[in-house]
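Here is work_22.cif, consisting of mmCIF, C-alpha atoms and all ligand atoms:
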```cif
data_model
loop_
_atom_site.label_atom_id
_atom_site.label_comp_id
_atom_site.auth_asym_id
_atom_site.auth_seq_id
_atom_site.Cartn_x
_atom_site.Cartn_y
_atom_site.Cartn_z
CA MET F 1 -15.55 -8.21 69.87
CA SER F 2 -12.90 -10.64 68.69
CA ASN F 3 -9.22 -9.84 68.29
CA PRO F 4 -8.29 -7.57 65.38
CA LEU F 5 -6.73 -9.29 62.37
CA PRO F 6 -2.93 -9.08 62.75
CA ILE F 7 -2.16 -7.67 59.31
CA ARG F 8 0.25 -5.04 58.09
CA PHE F 9 0.68 -3.24 54.79
CA LEU F 10 3.12 -5.09 52.56
CA GLN F 11 3.10 -3.55 49.10
CA SER F 12 1.08 -1.87 46.35
CA ALA F 13 1.25 -2.88 42.72
CA SER F 14 -0.54 -2.25 39.47
CA ARG F 15 0.18 -5.72 38.20
CA HIS F 16 0.24 -9.13 39.78
CA ASP F 17 3.70 -9.93 38.43
CA GLN F 18 5.17 -7.00 40.39
CA LEU F 19 4.34 -8.75 43.65
CA PRO F 20 6.49 -11.30 45.50
CA ASN F 21 5.23 -14.85 45.86
CA SER F 22 2.51 -15.59 48.35
CA ILE F 23 1.30 -18.78 49.96
CA LEU F 24 -2.40 -17.96 50.00
CA GLU F 25 -4.40 -14.88 49.07
CA LEU F 26 -7.90 -13.69 49.87
CA ALA F 27 -9.03 -10.68 47.84
CA ILE F 28 -11.74 -8.15 48.57
CA VAL F 29 -13.76 -7.34 45.47
CA GLY F 30 -16.68 -5.00 44.90
CA ARG F 31 -18.06 -1.83 43.43
CA SER F 32 -16.20 1.39 43.97
CA ASN F 33 -17.34 2.95 47.26
CA VAL F 34 -18.91 -0.27 48.56
CA GLY F 35 -16.61 -0.19 51.59
CA LYS F 36 -13.71 -2.56 50.79
CA SER F 37 -10.97 -0.45 52.39
CA SER F 38 -13.17 0.48 55.36
CA LEU F 39 -13.76 -3.23 55.92
CA ILE F 40 -10.01 -3.91 56.00
CA ASN F 41 -9.65 -1.16 58.60
CA ALA F 42 -12.52 -2.59 60.66
CA LEU F 43 -11.08 -6.11 60.49
CA ALA F 44 -7.68 -4.83 61.63
CA HIS F 45 -9.25 -2.35 64.08
CA ARG F 46 -7.14 0.41 62.58
CA LYS F 47 -8.40 3.75 61.30
CA LYS F 48 -5.99 4.45 58.50
CA LEU F 49 -4.38 1.21 57.48
CA ALA F 50 -6.23 1.34 54.14
CA LYS F 51 -7.11 4.65 52.52
CA THR F 52 -10.85 5.33 52.32
CA SER F 53 -12.87 8.14 50.80
CA LYS F 54 -16.40 9.37 50.23
CA THR F 55 -15.50 9.73 46.59
CA PRO F 56 -15.32 6.53 44.54
CA GLY F 57 -11.87 5.60 43.32
CA ALA F 58 -9.96 5.88 46.61
CA THR F 59 -8.05 2.67 45.98
CA GLN F 60 -6.18 2.80 42.71
CA LEU F 61 -3.77 -0.09 43.09
CA ILE F 62 -3.64 -3.67 44.30
CA ASN F 63 -2.83 -3.24 48.00
CA VAL F 64 -1.45 -6.22 49.85
CA TYR F 65 -1.81 -6.70 53.62
CA GLU F 66 0.18 -9.55 55.09
CA PHE F 67 -0.66 -11.54 58.18
CA ASP F 68 1.83 -11.79 61.00
CA PRO F 69 4.51 -12.94 61.19
CA GLU F 70 6.43 -11.04 58.52
CA GLY F 71 6.98 -13.27 55.50
CA SER F 72 4.00 -15.49 56.33
CA GLY F 73 2.85 -15.22 52.72
CA SER F 74 -0.79 -15.06 53.83
CA TRP F 75 -2.32 -12.03 52.18
CA LEU F 76 -5.50 -10.06 52.43
CA VAL F 77 -5.71 -8.01 49.25
CA ASP F 78 -7.60 -4.73 48.81
CA LEU F 79 -8.49 -3.95 45.22
CA PRO F 80 -9.73 -0.91 43.35
CA GLY F 81 -13.49 -0.94 42.90
CA TYR F 82 -15.31 -1.55 39.69
CA GLY F 83 -17.45 1.00 37.92
CA PHE F 84 -19.45 3.43 39.88
CA ALA F 85 -22.54 4.58 37.99
CA LYS F 86 -20.81 7.77 36.91
CA ALA F 87 -17.38 6.33 36.27
CA PRO F 88 -15.96 7.12 32.86
CA LYS F 89 -15.35 4.22 30.54
CA SER F 90 -11.59 4.64 30.95
CA GLU F 91 -11.94 3.85 34.64
CA MET F 92 -13.98 0.77 33.92
CA ASP F 93 -11.36 -0.40 31.46
CA ARG F 94 -8.61 0.20 34.00
CA TRP F 95 -10.44 -1.88 36.57
CA LYS F 96 -11.04 -4.61 34.08
CA GLN F 97 -7.40 -4.80 33.11
CA MET F 98 -5.85 -4.57 36.54
CA ILE F 99 -8.35 -6.60 38.49
CA GLU F 100 -9.33 -9.23 35.98
CA GLU F 101 -5.67 -9.90 35.26
CA TYR F 102 -4.91 -10.19 38.95
CA LEU F 103 -7.88 -12.43 39.64
CA MET F 104 -6.99 -14.71 36.75
CA GLN F 105 -3.21 -14.79 37.13
CA SER F 106 -2.67 -15.41 40.81
CA ASP F 107 -2.27 -19.15 41.35
CA THR F 108 -2.33 -18.67 45.10
CA LEU F 109 -5.58 -16.70 45.16
CA GLY F 110 -7.87 -19.05 47.07
CA ALA F 111 -11.09 -17.07 47.23
CA VAL F 112 -12.72 -13.68 47.03
CA ILE F 113 -14.85 -11.76 49.48
CA LEU F 114 -17.46 -10.16 47.24
CA LEU F 115 -18.94 -7.03 48.76
CA ILE F 116 -22.44 -5.87 47.94
CA ASP F 117 -23.83 -2.58 49.27
CA SER F 118 -26.70 -3.67 51.52
CA ALA F 119 -28.66 -0.48 50.87
CA VAL F 120 -28.13 -0.42 47.10
CA GLY F 121 -27.19 -3.78 45.68
CA PRO F 122 -26.88 -5.95 43.89
CA THR F 123 -26.31 -3.72 40.87
CA SER F 124 -26.09 -5.11 37.36
CA LEU F 125 -22.31 -4.79 37.58
CA ASP F 126 -22.34 -6.86 40.77
CA LEU F 127 -24.32 -9.53 38.94
CA GLN F 128 -21.90 -9.41 36.01
CA THR F 129 -19.00 -9.83 38.42
CA ILE F 130 -20.68 -12.87 39.97
CA GLU F 131 -21.13 -14.41 36.53
CA TRP F 132 -17.51 -13.73 35.72
CA LEU F 133 -16.26 -15.24 39.00
CA ASP F 134 -18.38 -18.32 38.28
CA HIS F 135 -16.91 -18.42 34.80
CA ILE F 136 -13.29 -18.43 36.02
CA ASP F 137 -14.27 -20.83 38.80
CA LEU F 138 -13.09 -18.67 41.68
CA PRO F 139 -14.91 -19.27 44.99
CA TYR F 140 -16.47 -16.23 46.67
CA ARG F 141 -18.25 -15.28 49.86
CA PHE F 142 -21.02 -12.66 49.79
CA VAL F 143 -20.68 -9.89 52.34
CA ALA F 144 -23.29 -7.12 52.46
CA THR F 145 -21.72 -3.86 53.66
CA LYS F 146 -23.04 -0.73 55.42
CA GLU F 147 -25.80 -2.58 57.25
CA ASP F 148 -26.19 0.50 59.48
CA LYS F 149 -27.50 2.45 56.49
CA VAL F 150 -30.60 0.28 56.22
CA ARG F 151 -33.24 1.29 58.76
CA PRO F 152 -33.80 -1.48 61.32
CA SER F 153 -37.51 -1.67 60.36
CA LYS F 154 -36.53 -2.28 56.72
CA ARG F 155 -33.71 -4.76 57.30
CA GLY F 156 -35.79 -7.92 57.14
CA ALA F 157 -37.34 -7.04 53.78
CA ARG F 158 -34.06 -5.70 52.39
CA LYS F 159 -32.26 -8.89 53.37
CA ASN F 160 -34.86 -11.07 51.68
CA ASP F 161 -34.78 -8.93 48.57
CA LEU F 162 -30.98 -8.99 48.34
CA VAL F 163 -30.77 -12.73 48.88
CA LYS F 164 -33.39 -13.28 46.20
CA LYS F 165 -31.66 -11.02 43.68
CA LEU F 166 -28.36 -12.80 44.33
CA GLY F 167 -30.13 -16.11 43.77
CA THR F 168 -28.68 -17.50 46.95
CA LYS F 169 -29.63 -18.56 50.48
CA LYS F 170 -29.91 -16.35 53.56
CA GLU F 171 -26.97 -17.99 55.29
CA ASP F 172 -24.77 -17.30 52.26
CA VAL F 173 -24.77 -13.55 52.89
CA LEU F 174 -22.94 -12.07 55.86
CA TRP F 175 -24.20 -8.61 56.91
CA VAL F 176 -21.55 -6.25 58.16
CA SER F 177 -21.02 -2.65 59.13
CA ALA F 178 -17.58 -1.12 59.40
CA ASN F 179 -19.20 1.71 61.37
CA THR F 180 -21.06 -0.23 64.06
CA GLY F 181 -19.02 -3.46 63.99
CA THR F 182 -21.94 -5.71 63.00
CA GLY F 183 -20.63 -8.98 61.57
CA ILE F 184 -16.96 -8.03 61.94
CA SER F 185 -16.14 -10.69 64.55
CA GLU F 186 -17.77 -13.34 62.43
CA LEU F 187 -15.90 -12.28 59.32
CA ARG F 188 -12.61 -12.26 61.26
CA SER F 189 -13.24 -15.85 62.34
CA GLU F 190 -14.03 -16.92 58.79
CA ILE F 191 -10.86 -15.28 57.49
CA ILE F 192 -8.69 -16.86 60.21
CA GLU F 193 -10.23 -20.21 59.36
CA PHE F 194 -9.63 -19.68 55.65
CA PHE F 195 -5.92 -19.14 56.27
CA SER F 196 -5.56 -22.00 58.71
CA THR F 197 -6.92 -24.74 56.45
N1 LIG B 201 -22.48 4.15 56.95
C1 LIG B 201 -21.42 3.43 56.57
N2 LIG B 201 -20.55 3.94 55.70
C2 LIG B 201 -19.50 3.18 55.32
C3 LIG B 201 -19.32 1.85 55.81
N3 LIG B 201 -18.21 1.34 55.22
C4 LIG B 201 -17.73 2.30 54.42
N4 LIG B 201 -18.49 3.41 54.46
C5 LIG B 201 -18.26 4.69 53.76
O1 LIG B 201 -18.31 4.44 52.36
C6 LIG B 201 -17.36 5.28 51.67
C7 LIG B 201 -16.46 4.41 50.80
O2 LIG B 201 -15.67 3.57 51.63
P1 LIG B 201 -14.32 2.90 51.10
O3 LIG B 201 -13.93 1.93 52.15
O4 LIG B 201 -13.33 3.94 50.70
O5 LIG B 201 -14.86 2.15 49.80
P2 LIG B 201 -14.03 1.26 48.74
O6 LIG B 201 -14.89 0.13 48.35
O7 LIG B 201 -12.69 0.95 49.27
O8 LIG B 201 -13.94 2.28 47.53
P3 LIG B 201 -12.84 2.33 46.31
O9 LIG B 201 -11.48 2.28 46.94
O10 LIG B 201 -13.16 3.61 45.63
O11 LIG B 201 -13.13 1.16 45.44
C8 LIG B 201 -16.62 6.05 52.77
O12 LIG B 201 -17.20 7.32 52.88
C9 LIG B 201 -16.86 5.21 54.00
O13 LIG B 201 -16.82 5.97 55.19
C10 LIG B 201 -20.28 1.33 56.73
O14 LIG B 201 -20.24 0.19 57.22
N5 LIG B 201 -21.31 2.16 57.07
MG MG B 202 -10.83 1.28 48.55
#
```
When written as structure tokens, how does the structure in this file appear?
Amino acid sequence: MSNPLPIRFLQSASRHDQLPNSILELAIVGRSNVGKSSLINALAHRKKLAKTSKTPGATQLINVYEFDPEGSGSWLVDLPGYGFAKAPKSEMDRWKQMIEEYLMQSDTLGAVILLIDSAVGPTSLDLQTIEWLDHIDLPYRFVATKEDKVRPSKRGARKNDLVKKLGTKKEDVLWVSANTGTGISELRSEIIEFFST
């Protein structure tokens, strides 16, 4: 295992313009319950840095985690998730407003880590999000979460299926598990590299 990401909670906000200036941001985007906050905890090797829950909608605000040292301006940003199948329309609208605004308005947002549930995805909302990210020309990295939930005997087929549905190449999807630690070291290295270039 590699070293945990040296990040600490900086601030929550409902709008981008409530946040101080940053140098460079990397945001974690994905369906509600896909494992965004759990991934932040796994990356930082902390249990309760970001709030997680079995029930979709755990993260309700834009939550900023800053890399050491204090004031570095390098941010890893945890966002509320977009519509769960049963989410009421009001929740979808809230996501749209808060997240789309943030993703479009931050000049220092360099890229997005787009999480897809490896057992479930991609859903039609995931595909819509991809189209939208393409549309606003924001680079993203696919990360498939909860790899431990796919039975080892099914992983090969599931991986092929997911890659095909995303219309991408095998090497463009990183498989991770916040529970077992699969892929976490690799993702840490990619994130460190992102902030050092
Ligand atoms: N088995 C397994 N469960 C996971 C993994 N990552 C997250 N979970 C579980 O999935 C549920 C949702 O995790 P969160 O991290 O809160 O998901 P989120 O994407 O932040 O959700 P919102 O904040 O609602 O958008 C929790 O019950 C987690 O314990 C994983 O790698 N494996
Ligand atoms: Mg969350």
Discussion item. For a quick check of understanding, using only C-alpha atoms and all ligand atoms, which of F:Glu25, F:Asp107, F:Glu66, F:Asp78 has the smallest distance to ligand MG 202 (chain B)?
Written reply: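 Checking each of F:Glu25, F:Asp107, F:Glu66, F:Asp78 against ligand MG 202 (chain B), counting only C-alpha atoms and all ligand atoms, the winner is F:Asp78.
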Shell around region 145-148 of chain F at 6 Å using only C-alpha atoms, local window under 2 positions removed, as a PDB file with C-alpha atoms, in the coordinates of the input:
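What follows is the written file around.pdb:
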```pdb
ATOM      1  CA  ASP F 117     -23.830  -2.580  49.270  1.00  0.00           C
ATOM      2  CA  SER F 118     -26.700  -3.670  51.520  1.00  0.00           C
ATOM      3  CA  VAL F 150     -30.600   0.280  56.220  1.00  0.00           C
ATOM      4  CA  VAL F 176     -21.550  -6.250  58.160  1.00  0.00           C
ATOM      5  CA  SER F 177     -21.020  -2.650  59.130  1.00  0.00           C
TER       6      SER F 177
END
```
Worksheet item: Which distance in Å separates atom O10 of ligand LIG 201 (chain B) and CA of Gly83 (chain F), to one decimal?
Response: 9.2 Å
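Nearest residue to ligand MG 202 (chain B) among F:Leu26, F:Ala58, F:Leu114, F:Met92 is F:Ala58, counting only C-alpha atoms and all ligand atoms.
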Practice prompt. List all protein, DNA and RNA residues that have at least one atom no more than 6 Å from any atom of ligand LIG 201 (chain B), counting all atoms listed in the file, and write them as a ChimeraX atom specification.
Written response: /F:32-38,52-54,56-59,80-81,145-146,148-149,177-179
Worksheet entry | Protein and nucleic acid residues near (-9.2, -4.7, 60.7) (cut-off 8 Å, only C-alpha atoms) as an MDAnalysis selection string | chainID F and resid 4:7 39:46
Nearby residues (only C-alpha atoms) at most 10 Å from region 101-105 of chain F, same-chain spacing under 6 positions excluded, as an mmCIF file with C-alpha atoms, in the coordinates of the input:
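And here's out09.cif as it stands now:
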```
data_model
loop_
_atom_site.group_PDB
_atom_site.id
_atom_site.type_symbol
_atom_site.label_atom_id
_atom_site.label_comp_id
_atom_site.auth_asym_id
_atom_site.auth_seq_id
_atom_site.Cartn_x
_atom_site.Cartn_y
_atom_site.Cartn_z
ATOM 1 C CA SER F 14 -0.540 -2.250 39.470
ATOM 2 C CA ARG F 15 0.180 -5.720 38.200
ATOM 3 C CA HIS F 16 0.240 -9.130 39.780
ATOM 4 C CA ASP F 17 3.700 -9.930 38.430
ATOM 5 C CA ALA F 27 -9.030 -10.680 47.840
ATOM 6 C CA VAL F 29 -13.760 -7.340 45.470
ATOM 7 C CA ILE F 62 -3.640 -3.670 44.300
ATOM 8 C CA LEU F 79 -8.490 -3.950 45.220
ATOM 9 C CA TRP F 95 -10.440 -1.880 36.570
ATOM 10 C CA ALA F 111 -11.090 -17.070 47.230
ATOM 11 C CA VAL F 112 -12.720 -13.680 47.030
ATOM 12 C CA LEU F 133 -16.260 -15.240 39.000
ATOM 13 C CA ILE F 136 -13.290 -18.430 36.020
ATOM 14 C CA ASP F 137 -14.270 -20.830 38.800
ATOM 15 C CA LEU F 138 -13.090 -18.670 41.680
#
```
Worksheet item: So how far away is CA of Leu115 (chain F) from CA of Phe142 (chain F), in Å?
Response: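 Computed distance, CA of Phe142 (chain F) to CA of Leu115 (chain F), equals 6.1 Å.
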Response to the item:
Across F:Val173, F:Phe195, F:Pro20, F:Gly183, the smallest distance to Asp161 (chain F), with only C-alpha atoms counted, is shown by F:Val173
Worksheet item: If I put a ball of radius 8 Å at (-1.0, -15.6, 47.5) in the file's coordinates, which residues poke into it when counting all atoms listed in the file, written as a PyMOL selection string?
Response: chain F and resi 21-26+73-75+106-110
With C-alpha atoms retained, write the just-selected residues as a tab-separated table (two decimals), in the frame of the given file.
```tsv
chain	number	residue	atom	x	y	z
F	21	ASN	CA	5.23	-14.85	45.86
F	22	SER	CA	2.51	-15.59	48.35
F	23	ILE	CA	1.30	-18.78	49.96
F	24	LEU	CA	-2.40	-17.96	50.00
F	25	GLU	CA	-4.40	-14.88	49.07
F	26	LEU	CA	-7.90	-13.69	49.87
F	73	GLY	CA	2.85	-15.22	52.72
F	74	SER	CA	-0.79	-15.06	53.83
F	75	TRP	CA	-2.32	-12.03	52.18
F	106	SER	CA	-2.67	-15.41	40.81
F	107	ASP	CA	-2.27	-19.15	41.35
F	108	THR	CA	-2.33	-18.67	45.10
F	109	LEU	CA	-5.58	-16.70	45.16
F	110	GLY	CA	-7.87	-19.05	47.07
```
Item to complete: For Arg94 (chain F), list every protein, DNA or RNA residue within 9 Å, evaluated using all atoms listed in the file, and leave out those in the same chain fewer than 5 positions away; present the list as a ChimeraX atom specification.
Response: /F:82,89,99
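When all atoms listed in the file are used to measure the gap to Ser2 (chain F), the shortest distance among F:Leu162, F:Phe194, F:Glu100, F:Ile184 belongs to F:Ile184.
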Would you compute an axis-aligned box for region 186-190 of chain F, covering every atom listed for it in the file with 3 Å of margin on each side, and report centre and edge lengths in Å to one decimal as JSON?
```
{"center_x": -15.2, "center_y": -14.6, "center_z": 60.6, "size_x": 11.2, "size_y": 10.7, "size_z": 9.6}
```
Worksheet item: Hey, which of F:Lys47, F:His135, F:Lys159, F:Arg151 ends up closest to Ile116 (chain F)? Count only C-alpha atoms.
Response: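 Closest candidate: F:Lys159.
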Discussion item. Here is a test: counting all atoms listed in the file, which residue of F:Thr182, F:Leu61, F:Arg141, F:Ile130 is nearest to ligand MG 202 (chain B)?
Written reply: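 Among F:Thr182, F:Leu61, F:Arg141, F:Ile130, it is F:Leu61 that comes nearest to ligand MG 202 (chain B).
In this model, the gap between CA of Gly71 (chain F) and CA of Arg8 (chain F) comes to 10.9 Å.
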Worksheet item: Can you tell me, as a list in words, what residues are no more than 9 Å from Lys170 (chain F) when counting all atoms listed in the file, ignoring any on the same chain fewer than 6 positions away?
Response: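 So the residues in contact are Lys159, Asn160, Val163 and Lys164 of chain F.
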Export of prior selection with C-alpha atoms as a CSV table (one decimal), keeping the file's coordinate frame:
```
chain,number,residue,atom,x,y,z
F,159,LYS,CA,-32.3,-8.9,53.4
F,160,ASN,CA,-34.9,-11.1,51.7
F,163,VAL,CA,-30.8,-12.7,48.9
F,164,LYS,CA,-33.4,-13.3,46.2
```
